[in-house]
Every structure is written in structure tokens, then in C-alpha cells.
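S.K.: run.txt is reproduced in full below (compact mmCIF, C-alpha atoms and all ligand atoms).
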# COMPACT_ATOMS: atom_id res chain seq x y z
CA MET A 1 -10.52 -14.45 14.80
CA LYS A 2 -11.83 -17.33 12.72
CA ASN A 3 -14.27 -17.18 9.83
CA ASN A 4 -16.62 -14.43 10.88
CA GLU A 5 -15.67 -12.02 8.08
CA ARG A 6 -19.19 -12.20 6.65
CA LYS A 7 -20.57 -10.73 9.87
CA LEU A 8 -18.33 -7.73 9.37
CA VAL A 9 -19.67 -6.92 5.91
CA ARG A 10 -22.31 -4.17 5.51
CA LYS A 11 -25.79 -5.54 4.90
CA ASN A 12 -26.26 -3.73 1.58
CA ILE A 13 -23.01 -5.29 0.32
CA LEU A 14 -23.96 -8.78 1.55
CA ASN A 15 -27.22 -8.47 -0.38
CA LEU A 16 -25.76 -6.70 -3.40
CA ALA A 17 -26.41 -8.21 -6.80
CA PRO A 18 -23.19 -7.28 -8.62
CA TYR A 19 -23.02 -6.06 -12.20
CA SER A 20 -22.56 -9.04 -14.44
CA SER A 21 -20.46 -8.13 -17.44
CA ALA A 22 -20.65 -9.93 -20.75
CA ARG A 23 -17.08 -11.18 -20.25
CA ASP A 24 -17.95 -12.60 -16.81
CA GLU A 25 -20.39 -15.03 -18.40
CA TYR A 26 -18.34 -16.34 -21.35
CA GLU A 27 -14.86 -17.42 -20.35
CA GLY A 28 -13.43 -18.47 -23.72
CA THR A 29 -11.02 -16.25 -25.61
CA GLU A 30 -11.97 -17.38 -29.16
CA GLY A 31 -15.20 -16.55 -30.92
CA VAL A 32 -17.28 -13.91 -32.64
CA PHE A 33 -17.83 -11.29 -29.97
CA LEU A 34 -21.09 -9.45 -30.57
CA ASP A 35 -22.07 -9.20 -26.90
CA ALA A 36 -20.60 -5.99 -25.49
CA ASN A 37 -21.40 -3.28 -28.06
CA GLU A 38 -17.71 -2.86 -28.75
CA ASN A 39 -16.35 -1.48 -31.98
CA PRO A 40 -15.14 -4.36 -34.21
CA PHE A 41 -12.21 -2.20 -35.47
CA GLY A 42 -9.07 -1.11 -33.62
CA THR A 43 -6.41 -2.32 -31.17
CA TYR A 44 -7.90 -1.52 -27.78
CA ASN A 45 -11.48 -1.95 -28.96
CA ARG A 46 -12.23 -4.85 -26.59
CA TYR A 47 -13.07 -4.61 -22.90
CA PRO A 48 -10.29 -5.95 -20.67
CA ASP A 49 -10.40 -9.18 -18.67
CA PRO A 50 -12.46 -8.09 -15.62
CA GLN A 51 -10.62 -10.61 -13.40
CA GLN A 52 -7.11 -9.95 -14.80
CA ASN A 53 -6.43 -13.69 -14.75
CA LYS A 54 -3.10 -13.79 -16.61
CA LEU A 55 -1.68 -11.10 -14.41
CA LYS A 56 -2.91 -12.81 -11.24
CA ILE A 57 -1.39 -16.15 -12.25
CA ARG A 58 2.00 -14.47 -12.66
CA LEU A 59 1.64 -12.51 -9.42
CA ALA A 60 0.62 -15.66 -7.54
CA GLU A 61 3.97 -17.23 -8.51
CA ILE A 62 5.91 -14.15 -7.47
CA LYS A 63 4.04 -13.56 -4.19
CA ASN A 64 3.79 -17.24 -3.33
CA VAL A 65 0.02 -17.15 -2.84
CA LYS A 66 -2.89 -18.58 -4.82
CA SER A 67 -4.33 -16.48 -7.65
CA ASN A 68 -7.73 -16.61 -5.92
CA GLN A 69 -6.17 -14.71 -3.01
CA ILE A 70 -5.32 -11.69 -5.17
CA PHE A 71 -7.27 -8.51 -5.85
CA LEU A 72 -5.97 -5.85 -8.23
CA GLY A 73 -6.96 -2.23 -7.83
CA ASN A 74 -6.49 1.09 -9.55
CA GLY A 75 -3.60 1.81 -7.19
CA SER A 76 -3.64 0.98 -3.48
CA ASP A 77 -6.09 3.83 -3.14
CA GLU A 78 -8.83 1.60 -4.55
CA VAL A 79 -7.93 -1.23 -2.16
CA ILE A 80 -8.20 1.17 0.81
CA ASP A 81 -11.43 2.78 -0.41
CA LEU A 82 -13.11 -0.59 -1.01
CA ALA A 83 -12.30 -1.70 2.54
CA PHE A 84 -14.34 1.24 3.84
CA ARG A 85 -17.16 0.65 1.39
CA ILE A 86 -17.40 -3.08 2.17
CA PHE A 87 -17.02 -3.04 5.95
CA CYS A 88 -17.93 0.40 7.31
CA GLU A 89 -21.45 1.74 7.68
CA PRO A 90 -21.10 5.52 7.13
CA ASN A 91 -21.51 7.62 10.29
CA ILE A 92 -21.67 4.48 12.46
CA ASP A 93 -18.57 2.34 12.03
CA LYS A 94 -14.99 3.31 12.75
CA ALA A 95 -11.47 2.58 11.61
CA LEU A 96 -8.15 2.94 13.44
CA THR A 97 -4.58 3.65 12.44
CA PHE A 98 -1.24 4.47 14.05
CA THR A 99 0.20 7.93 13.47
CA PRO A 100 2.21 9.42 11.93
CA THR A 101 1.34 7.40 8.87
CA TYR A 102 0.18 7.44 5.26
CA GLY A 103 -2.44 10.16 4.77
CA MET A 104 -4.71 8.20 2.47
CA TYR A 105 -6.39 6.20 5.28
CA GLU A 106 -7.75 9.41 6.72
CA VAL A 107 -8.81 10.88 3.37
CA SER A 108 -10.59 7.66 2.48
CA ALA A 109 -12.25 7.52 5.93
CA ASN A 110 -13.46 11.09 5.48
CA ILE A 111 -14.79 10.42 1.97
CA ASN A 112 -16.74 7.46 3.34
CA SER A 113 -17.90 9.37 6.42
CA VAL A 114 -16.17 6.96 8.79
CA ASP A 115 -14.50 8.07 12.02
CA LEU A 116 -10.74 7.32 12.02
CA ILE A 117 -9.19 6.77 15.46
CA LYS A 118 -5.53 7.84 15.49
CA VAL A 119 -3.33 6.04 18.00
CA PRO A 120 0.16 7.57 18.22
CA LEU A 121 3.17 5.36 17.59
CA ASN A 122 5.88 5.58 20.27
CA LYS A 123 9.22 7.41 19.92
CA GLU A 124 10.67 4.54 17.90
CA PHE A 125 7.57 4.64 15.67
CA GLN A 126 6.40 1.31 17.09
CA ILE A 127 2.96 0.28 18.31
CA ASP A 128 2.26 0.61 22.02
CA ARG A 129 0.00 -2.40 22.70
CA ASN A 130 -1.59 -0.83 25.77
CA SER A 131 -2.76 2.19 23.80
CA VAL A 132 -4.62 0.09 21.22
CA GLN A 133 -5.97 -2.86 23.22
CA SER A 134 -8.84 -0.89 24.79
CA TYR A 135 -10.35 -0.27 21.34
CA PHE A 136 -10.70 -3.99 20.48
CA SER A 137 -13.99 -4.33 22.36
CA ASP A 138 -15.70 -1.60 20.30
CA ALA A 139 -18.07 -3.54 18.03
CA ASN A 140 -18.19 -0.61 15.60
CA LEU A 141 -14.45 -0.67 15.05
CA LYS A 142 -14.19 -2.57 11.76
CA LEU A 143 -10.78 -1.78 10.28
CA ILE A 144 -7.26 -1.38 11.62
CA PHE A 145 -4.63 -0.05 9.20
CA ILE A 146 -0.99 -0.89 9.92
CA CYS A 147 1.57 0.59 7.55
CA SER A 148 4.78 -1.52 7.58
CA PRO A 149 7.33 -0.30 6.57
CA ASN A 150 5.63 2.84 7.83
CA ASN A 151 5.42 6.02 5.79
CA PRO A 152 6.87 8.59 6.68
CA SER A 153 9.11 6.97 9.32
CA GLY A 154 10.49 4.18 7.08
CA ASN A 155 10.69 1.42 9.72
CA LEU A 156 9.00 -1.96 9.86
CA ILE A 157 6.45 -2.37 12.63
CA GLN A 158 7.53 -5.20 14.98
CA SER A 159 5.93 -8.40 13.76
CA GLU A 160 4.98 -9.51 17.32
CA ASP A 161 2.87 -6.38 17.71
CA ILE A 162 1.13 -6.98 14.37
CA GLU A 163 0.43 -10.59 15.42
CA PHE A 164 -0.91 -9.38 18.75
CA ILE A 165 -3.48 -7.28 16.86
CA LEU A 166 -4.30 -10.11 14.45
CA GLU A 167 -4.85 -12.48 17.38
CA ASN A 168 -6.96 -10.16 19.51
CA PHE A 169 -8.92 -7.87 17.19
CA GLN A 170 -12.17 -9.27 15.77
CA GLY A 171 -12.33 -6.93 12.76
CA ILE A 172 -10.31 -6.59 9.55
CA VAL A 173 -6.58 -5.85 9.76
CA ILE A 174 -5.04 -4.21 6.70
CA ILE A 175 -1.25 -4.29 6.56
CA ASP A 176 -0.03 -1.77 4.01
CA GLU A 177 3.17 -3.29 2.63
CA ALA A 178 3.75 -0.74 -0.14
CA TYR A 179 7.50 -0.81 0.58
CA VAL A 180 7.93 -4.47 1.47
CA ASP A 181 9.78 -5.26 -1.78
CA PHE A 182 12.71 -3.39 -0.22
CA CYS A 183 12.66 -5.83 2.75
CA PRO A 184 10.90 -8.87 1.27
CA ASP A 185 11.42 -11.20 4.25
CA ALA A 186 9.08 -9.01 6.30
CA THR A 187 5.88 -9.74 4.37
CA PHE A 188 2.91 -11.21 6.22
CA ALA A 189 1.71 -12.99 3.04
CA ALA A 190 2.43 -16.42 4.54
CA LYS A 191 -0.01 -15.63 7.40
CA LEU A 192 -3.09 -15.27 5.19
CA ILE A 193 -4.32 -18.78 5.96
CA GLN A 194 -3.75 -18.43 9.69
CA TYR A 195 -5.59 -15.08 9.87
CA PRO A 196 -8.74 -14.90 7.71
CA ASN A 197 -9.27 -11.28 8.84
CA LEU A 198 -6.02 -10.17 7.20
CA ILE A 199 -5.72 -8.02 4.07
CA ILE A 200 -2.23 -7.26 2.76
CA SER A 201 -1.88 -4.27 0.50
CA GLN A 202 1.07 -4.07 -1.89
CA THR A 203 1.70 -2.10 -5.05
CA LEU A 204 3.61 -1.91 -8.31
CA SER A 205 4.20 1.81 -7.64
CA LYS A 206 7.41 1.61 -5.63
CA ALA A 207 10.02 -1.16 -6.09
CA TRP A 208 8.46 -2.26 -9.40
CA GLY A 209 8.74 1.28 -10.75
CA LEU A 210 5.21 1.52 -12.15
CA ALA A 211 3.67 4.41 -10.19
CA GLY A 212 2.37 5.86 -13.45
CA LEU A 213 0.44 2.69 -14.23
CA ARG A 214 -1.74 2.68 -11.06
CA LEU A 215 -1.74 -0.93 -9.96
CA GLY A 216 -2.40 -1.91 -6.36
CA ILE A 217 -2.22 -5.54 -5.26
CA ALA A 218 -4.16 -6.86 -2.30
CA LEU A 219 -3.78 -10.34 -0.84
CA MET A 220 -6.73 -11.68 1.13
CA ASN A 221 -8.73 -14.83 1.74
CA GLU A 222 -11.29 -15.98 -0.84
CA GLU A 223 -14.27 -14.91 1.24
CA ILE A 224 -13.17 -11.28 1.53
CA LEU A 225 -12.06 -11.37 -2.11
CA SER A 226 -15.60 -12.25 -3.18
CA PHE A 227 -16.83 -8.98 -1.65
CA TYR A 228 -14.02 -6.97 -3.22
CA ASN A 229 -14.98 -8.44 -6.60
CA LYS A 230 -18.63 -7.62 -6.03
CA VAL A 231 -18.00 -3.97 -5.23
CA LYS A 232 -15.17 -3.04 -7.63
CA ALA A 233 -15.89 -1.35 -10.95
CA PRO A 234 -16.29 -4.22 -13.47
CA TYR A 235 -13.33 -3.27 -15.69
CA ASN A 236 -11.16 -1.53 -13.10
CA ILE A 237 -7.79 -2.43 -14.69
CA SER A 238 -7.37 -1.40 -18.32
CA SER A 239 -5.96 -3.81 -20.91
CA VAL A 240 -2.97 -1.50 -21.43
CA ASN A 241 -2.19 -1.69 -17.72
CA GLN A 242 -2.61 -5.45 -17.61
CA LYS A 243 -0.26 -5.83 -20.58
CA ILE A 244 2.49 -3.54 -19.27
CA ALA A 245 2.27 -4.97 -15.76
CA LEU A 246 2.69 -8.50 -17.10
CA GLU A 247 5.71 -7.49 -19.19
CA THR A 248 7.31 -5.79 -16.19
CA LEU A 249 6.64 -8.74 -13.87
CA ASN A 250 8.31 -11.01 -16.42
CA ASN A 251 11.48 -8.96 -16.12
CA ARG A 252 12.37 -9.81 -12.55
CA GLU A 253 16.09 -9.38 -13.15
CA GLU A 254 15.73 -5.69 -13.81
CA PHE A 255 13.47 -5.37 -10.77
CA GLN A 256 16.01 -7.06 -8.54
CA GLU A 257 18.87 -4.95 -9.94
CA ASN A 258 16.92 -1.76 -9.33
CA VAL A 259 16.05 -2.71 -5.76
CA LYS A 260 19.69 -3.58 -5.10
CA ALA A 261 20.88 -0.29 -6.61
CA ILE A 262 18.40 1.71 -4.53
CA LEU A 263 19.44 -0.06 -1.32
CA THR A 264 23.14 0.55 -2.11
CA GLU A 265 22.42 4.21 -2.79
CA LYS A 266 20.52 4.40 0.48
CA GLU A 267 23.63 3.36 2.43
CA ILE A 268 25.77 5.90 0.56
CA LEU A 269 23.23 8.64 1.19
CA ILE A 270 23.09 7.81 4.91
CA GLN A 271 26.89 8.12 5.14
CA GLU A 272 26.88 11.45 3.31
CA LEU A 273 24.00 12.85 5.35
CA GLN A 274 25.79 11.94 8.58
CA LYS A 275 28.57 14.36 7.60
CA ILE A 276 26.20 17.31 7.31
CA LYS A 277 25.97 19.43 10.43
CA MET A 278 22.34 20.46 10.18
CA VAL A 279 21.23 16.80 9.98
CA LYS A 280 20.44 15.87 13.58
CA LYS A 281 19.02 12.38 13.19
CA ILE A 282 18.51 9.80 10.46
CA TYR A 283 15.77 7.36 11.38
CA PRO A 284 16.33 3.67 10.56
CA SER A 285 14.67 2.80 7.24
CA ASP A 286 13.51 -0.49 5.72
CA ALA A 287 12.14 1.34 2.67
CA ASN A 288 13.38 3.49 -0.25
CA PHE A 289 13.26 6.74 1.68
CA LEU A 290 14.73 8.32 4.80
CA LEU A 291 13.08 10.38 7.49
CA ILE A 292 15.62 12.82 8.81
CA GLU A 293 15.44 15.35 11.58
CA VAL A 294 17.13 18.63 10.76
CA GLU A 295 17.68 21.94 12.53
CA ASN A 296 14.98 23.72 10.56
CA ALA A 297 12.84 21.66 8.19
CA ASN A 298 10.93 24.58 6.65
CA GLN A 299 14.17 26.37 5.86
CA ILE A 300 15.87 23.33 4.32
CA TYR A 301 12.79 22.54 2.31
CA ALA A 302 12.67 26.08 0.90
CA GLN A 303 16.41 26.14 0.27
CA LEU A 304 16.23 22.92 -1.77
CA ILE A 305 13.13 24.05 -3.66
CA ALA A 306 15.08 27.12 -4.77
CA LYS A 307 17.56 24.68 -6.33
CA GLN A 308 14.75 22.66 -7.88
CA ILE A 309 15.31 19.71 -5.56
CA ILE A 310 12.00 18.57 -4.15
CA ILE A 311 11.82 16.63 -0.91
CA ARG A 312 8.83 16.09 1.38
CA ASN A 313 8.55 18.47 4.31
CA ARG A 314 7.03 16.45 7.18
CA ASN A 315 7.41 19.22 9.76
CA SER A 316 3.66 19.28 10.28
CA VAL A 317 3.57 15.60 11.33
CA VAL A 318 7.03 15.02 12.87
CA GLU A 319 8.68 18.20 14.10
CA ASN A 320 11.60 19.38 11.95
CA CYS A 321 11.62 16.26 9.87
CA VAL A 322 11.87 15.86 6.13
CA ARG A 323 11.40 12.72 4.07
CA ILE A 324 13.85 12.07 1.26
CA THR A 325 13.31 9.47 -1.45
CA ILE A 326 16.41 7.59 -2.61
CA GLY A 327 17.14 8.71 -6.16
CA THR A 328 19.87 7.80 -8.65
CA ALA A 329 23.51 8.26 -7.61
CA ASP A 330 23.52 11.51 -9.59
CA GLU A 331 20.34 12.83 -8.00
CA ASN A 332 21.56 11.98 -4.51
CA LYS A 333 24.85 13.80 -5.17
CA LYS A 334 22.94 16.89 -6.25
CA LEU A 335 20.95 16.73 -3.03
CA ILE A 336 24.07 16.39 -0.88
CA ASN A 337 25.84 19.24 -2.70
CA ALA A 338 22.80 21.47 -2.32
CA LEU A 339 22.65 20.72 1.42
CA LYS A 340 26.37 21.43 1.81
CA THR A 341 26.41 24.71 -0.07
CA GLY A 342 23.22 25.78 1.66
CA SER A 343 24.69 25.34 5.13
CA ASN A 344 27.74 27.47 4.25
CA GLY A 345 26.02 30.39 2.70
C1 LIG A 401 3.20 4.97 -2.03
C2 LIG A 401 2.31 4.27 -1.08
C3 LIG A 401 1.28 3.46 -1.54
C4 LIG A 401 1.09 3.23 -3.01
O1 LIG A 401 -0.09 3.72 -3.44
P1 LIG A 401 -0.54 3.41 -4.96
O2 LIG A 401 -1.92 3.96 -4.97
O3 LIG A 401 -0.49 1.93 -5.13
O4 LIG A 401 0.41 4.13 -5.85
C5 LIG A 401 0.50 2.79 -0.63
N1 LIG A 401 0.72 2.92 0.69
C6 LIG A 401 1.70 3.68 1.16
C7 LIG A 401 1.95 3.75 2.62
C8 LIG A 401 2.52 4.40 0.30
O5 LIG A 401 3.49 5.18 0.79
For this file, produce the structure as C-alpha cells.
Ligand SMILES: *Cc1c(COP(=O)(O)O)cnc(C)c1O
M.R.:
Amino acid sequence: MKNNERKLVRKNILNLAPYSSARDEYEGTEGVFLDANENPFGTYNRYPDPQQNKLKIRLAEIKNVKSNQIFLGNGSDEVIDLAFRIFCEPNIDKALTFTPTYGMYEVSANINSVDLIKVPLNKEFQIDRNSVQSYFSDANLKLIFICSPNNPSGNLIQSEDIEFILENFQGIVIIDEAYVDFCPDATFAAKLIQYPNLIISQTLSKAWGLAGLRLGIALMNEEILSFYNKVKAPYNISSVNQKIALETLNNREEFQENVKAILTEKEILIQELQKIKMVKKIYPSDANFLLIEVENANQIYAQLIAKQIIIRNRNSVVENCVRITIGTADENKKLINALKTGSNG
């Protein structure tokens, strides 16, 4: 697909005159600011940079993209929601995803009154090309969400299958790479130029350890970015968030140490889990969590809750499976001990 993104955008968004904030018009940082009805006293009295330029310049270096290919959202949730609002006419257009996957695509589709087609992943949690191809010709299908590494299964989706969709689908493809910092070679960021219909969603919530901050990162071509900027709330990232995010991004050593520690702990946890009888299968994971099949997921979930160890029961989406986040060495030991004592008594 080449350069027809504009045709995919809803008419009301194409024609939208965006809110023009006072800080959009004057780009300098020095001066007497009497334009925005702010309070002249205080520390956080000024509106934040609506384009988060400092943060984007730093992120562009880290992600190896241009800063005008970056959108920042109030968590990935905003990135997902804006895709629906920009491209999908309520009650007419559709989106598609591969299940089991992250629940937010469906919630956001429902909020925006957009039909979400759910195509099941195969037994290895990979895309079956034949099951998706027939949908490509539907002119009302605007968005395809691919979560890679996938939540809750933990695996990367095969890159050839993602490329097959990028090559053959005329709409927008959103690759949710929330966990890609745990397998950085797998990112599709280098493909942004080749595929103008591609949006890559990342986040500071996982490997960067800033879930409390709410900062989603989306990489996209300039054209799509212009619509994201038009539709977003003018000051969607607070100055406190911009400041803390920048400080954290400047401490890449700690980030890399944490990622390494989590990946080491993951290997230890896998070995320990393999020794536990009621663990039937540990799915391969490229992320910071494990999907495991157990004899009785509801029972194990309840048994751990009683010991104040909270895991995610995924029995309703993958039979008898639970999803376990990799914690600290100490937390993982507590989990293993609780599983061992539980199975004996
Ligand atoms: C955790 C997660 C996110 C992150 O969402 P934020 O709103 O950025 O915290 C996004 N996608 C998936 C698949 C996730 O599991």
C-alpha cells in the first residue's frame, strides 16, 4: 500500500479545524507569557509543551527514527483509541485482531461503536494467513491490530506473516510492540518508510518501568502523525510526565540492567516451574511474562490469592492457563514456594 492513508481518514477528521493552543503559535521559550490565562506564580503553573519536543528528540535517538515520526499518548490506550477515532466511521467501519490477545482493542472498538473481527491464532499462537486474507477485500475494514510479542501468549508473531499483511492489506496496520524492549531486534521500526500504512505502538510502561506515568509511544509516518496531532487533546502529556520520562530515558544503563535482570530471572523461573508437577506446559516467551498451562487454573489462582500472590488467570481465554509476570528474584521464589506447598497440601 503506498500513500493512500488520507483516503482512509474519516471525512470529519480530514475537515477538522484543530484547536490551536497559545503555545502552538509562539515557539520561543523566553518572554513574558500573558497569553494562556495561567497563574504567574508557582512551579507547574505553565501549560506543558503540546508537542513534547525535548522528549521526542531523545526518543528519536533511542528508537532510531525521526522525531516527526513520533506520537506520545496518555498510555498506549490513547494511541489505540485515536486510531479508531481517526479511521473508523462508527457503526460502519471495522477493525480486526488475532485472538487471544490484549483486551483493549476490543474495549476501544466497543467504545467507538466499531465492529471488531476476531481471527483466532493457531496452536502456536501464530497467524494463519488463509484465515485473514479473505478480509482484505472488505473496504470497510480499516484497522488490523497485531500484538507482537503477543499478550497473553508471550511469543513474537512471525515477521513474514506481519509483512504479508503489510504488503496485502490496504488499511492501517498497528503493531503493538509493548514488550519489544525485551527482544529489541524484533521491532518493525525500520519498516516505517517502506510501509506508510504502519503504526507501531510502544510504551514506557513495561521495560522502562514507568507504568504509573502513563506514556505510550507510537511511531508512524508524518502524514498519519498529522491526523493524530489534530485529534489528540492539546496538552495530553503533563509537564511532570515529560520531565520524569526524559530523566528516565537519560538513564539507559539502569534500563538495560533491569531488562537483563528480568530476562535472567525469567530463565530461572522457567527452570523452577518445570520441576512443578501441576505445571503442564510453559509457552515460549519473548516478553517479561510467561503463559503456563496448569492442571486447574482456577484452583491455582485461588490458592495463590490466599497467599497474597496475584497472577493473571487466563482460563477464560486459554483453557487452564495462567499468566505470570516476572518479578524480582525474591518475588519469584515466593511464587515457587507457594506453588510447591500448595501441591502437597
Ligand atoms: C501493557 C500493554 C500495553 C501498555 O499499555 P499502556 O497504556 O502504555 O500502559 C500495551 N499493549 C499491550 C499488549 C500490553 O500488554
S.K.: Would you list the residues that come within 8 Å of ligand LIG 401 (chain A)? Count only C-alpha atoms and all ligand atoms and give the answer as a list in words.
M.R.: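 Counting only C-alpha atoms and all ligand atoms, the residues within 8 Å of ligand LIG 401 (chain A) come out as Asn74, Gly75, Ser76, Asp77, Glu78, Thr101, Tyr102, Met104, Cys147, Ser148, Pro149, Asn150, Asn151, Pro152, Asp176, Glu177, Ala178, Tyr179, Ser201, Gln202, Thr203, Leu204, Ser205, Lys206, Ala211, Arg214, Leu215, Gly216 and Ile217 of chain A.
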S.K.: Rank nothing, just name the residue among A:Leu304, A:Ala233, A:Ala22, A:Ile282 nearest to Cys321 of chain A, using all atoms listed in the file.
M.R.: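 Selected residue with least distance to Cys321 of chain A: A:Ile282.
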S.K.: What gap, in Å, lies between atom CA of Phe164 of chain A and atom CA of Val114 of chain A?
M.R.: 24.5 Å
S.K.: Considering only C-alpha atoms, can you say which of A:Asp330, A:Phe71, A:Leu210, A:Glu247 comes closest to Lys56 of chain A?
M.R.: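 So, comparing all the options, the nearest one is A:Phe71.
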S.K.: Would you compute the distance between atom CA of Gly327 of chain A and atom CA of Thr187 of chain A? Give it in Å to one decimal.
M.R.: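 Atom-to-atom, atom CA of Gly327 of chain A to atom CA of Thr187 of chain A, that is 24.0 Å.
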S.K.: For Ala287 of chain A, find every residue with an atom within 8 Å (counting all atoms listed in the file), except residues of its own chain fewer than 4 positions away, and show them as number ranges by chain.
M.R.: A: 149, 154-155, 179-180, 182-183
S.K.: Which value, in Å to one decimal, gives the distance between atom CA of Leu219 of chain A and atom CA of Phe169 of chain A?
M.R.: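 Going from atom CA of Leu219 of chain A over to atom CA of Phe169 of chain A, I get 18.9 Å.
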S.K.: Between A:Asp93, A:Glu5, A:Glu167, A:Asp35, which one has atoms that come closest to Met220 of chain A, using only C-alpha atoms?
M.R.: A:Glu5
S.K.: Report as JSON lines the residues of segment 219-296 of chain A within 12 Å of segment 309-315 of chain A, each with its shortest atom pair and distance in Å (one decimal), using all atoms listed in the file, ordered by chain and increasing residue number.
M.R.:
{"residue": "A:Phe289", "atom": "CA", "partner": "A:Ile311", "partner_atom": "CA", "distance": 10.3}
{"residue": "A:Leu290", "atom": "CA", "partner": "A:Arg312", "partner_atom": "CA", "distance": 10.3}
{"residue": "A:Leu291", "atom": "CA", "partner": "A:Arg314", "partner_atom": "CA", "distance": 8.6}
{"residue": "A:Ile292", "atom": "CA", "partner": "A:Arg314", "partner_atom": "CA", "distance": 9.5}
{"residue": "A:Glu293", "atom": "CA", "partner": "A:Asn315", "partner_atom": "CA", "distance": 9.1}
{"residue": "A:Val294", "atom": "CA", "partner": "A:Asn315", "partner_atom": "CA", "distance": 9.8}
{"residue": "A:Glu295", "atom": "CA", "partner": "A:Asn315", "partner_atom": "CA", "distance": 11.0}
{"residue": "A:Asn296", "atom": "CA", "partner": "A:Asn315", "partner_atom": "CA", "distance": 8.8}
S.K.: Considering only C-alpha atoms, state which residue in the set A:Ile237, A:Ile244, A:Ile146, A:Ala207 is at the smallest distance from Ile165 of chain A.
M.R.: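 Comparing A:Ile237, A:Ile244, A:Ile146, A:Ala207 against Ile165 of chain A, the winner is A:Ile146.
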S.K.: So that all listed atoms of segment 192-210 of chain A fit with 6 Å spare on each side, what axis-aligned box centre and edge lengths in Å, to one decimal, would you give as JSON?
M.R.:
{"center_x": 0.4, "center_y": -8.5, "center_z": -1.1, "size_x": 31.3, "size_y": 32.6, "size_z": 34.0}
S.K.: Could you tell me which of A:Lys340, A:Thr325, A:Phe227, A:Val279 comes closest to Asn15 of chain A if we count only C-alpha atoms?
M.R.: A:Phe227
S.K.: Tell me which of A:Lys142, A:Arg252, A:Lys333, A:Lys281 sits closest to Lys94 of chain A, counting only C-alpha atoms.
M.R.: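 Looking at the shortest contact to Lys94 of chain A, the residue is A:Lys142.
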S.K.: Identify the residues within 7 Å of coordinate (-17.9, -4.2, -23.5) (same frame as the file), considering all atoms listed in the file, and give the answer as an MDAnalysis selection string.
M.R.: chainID A and resid 22 36:38 46:47
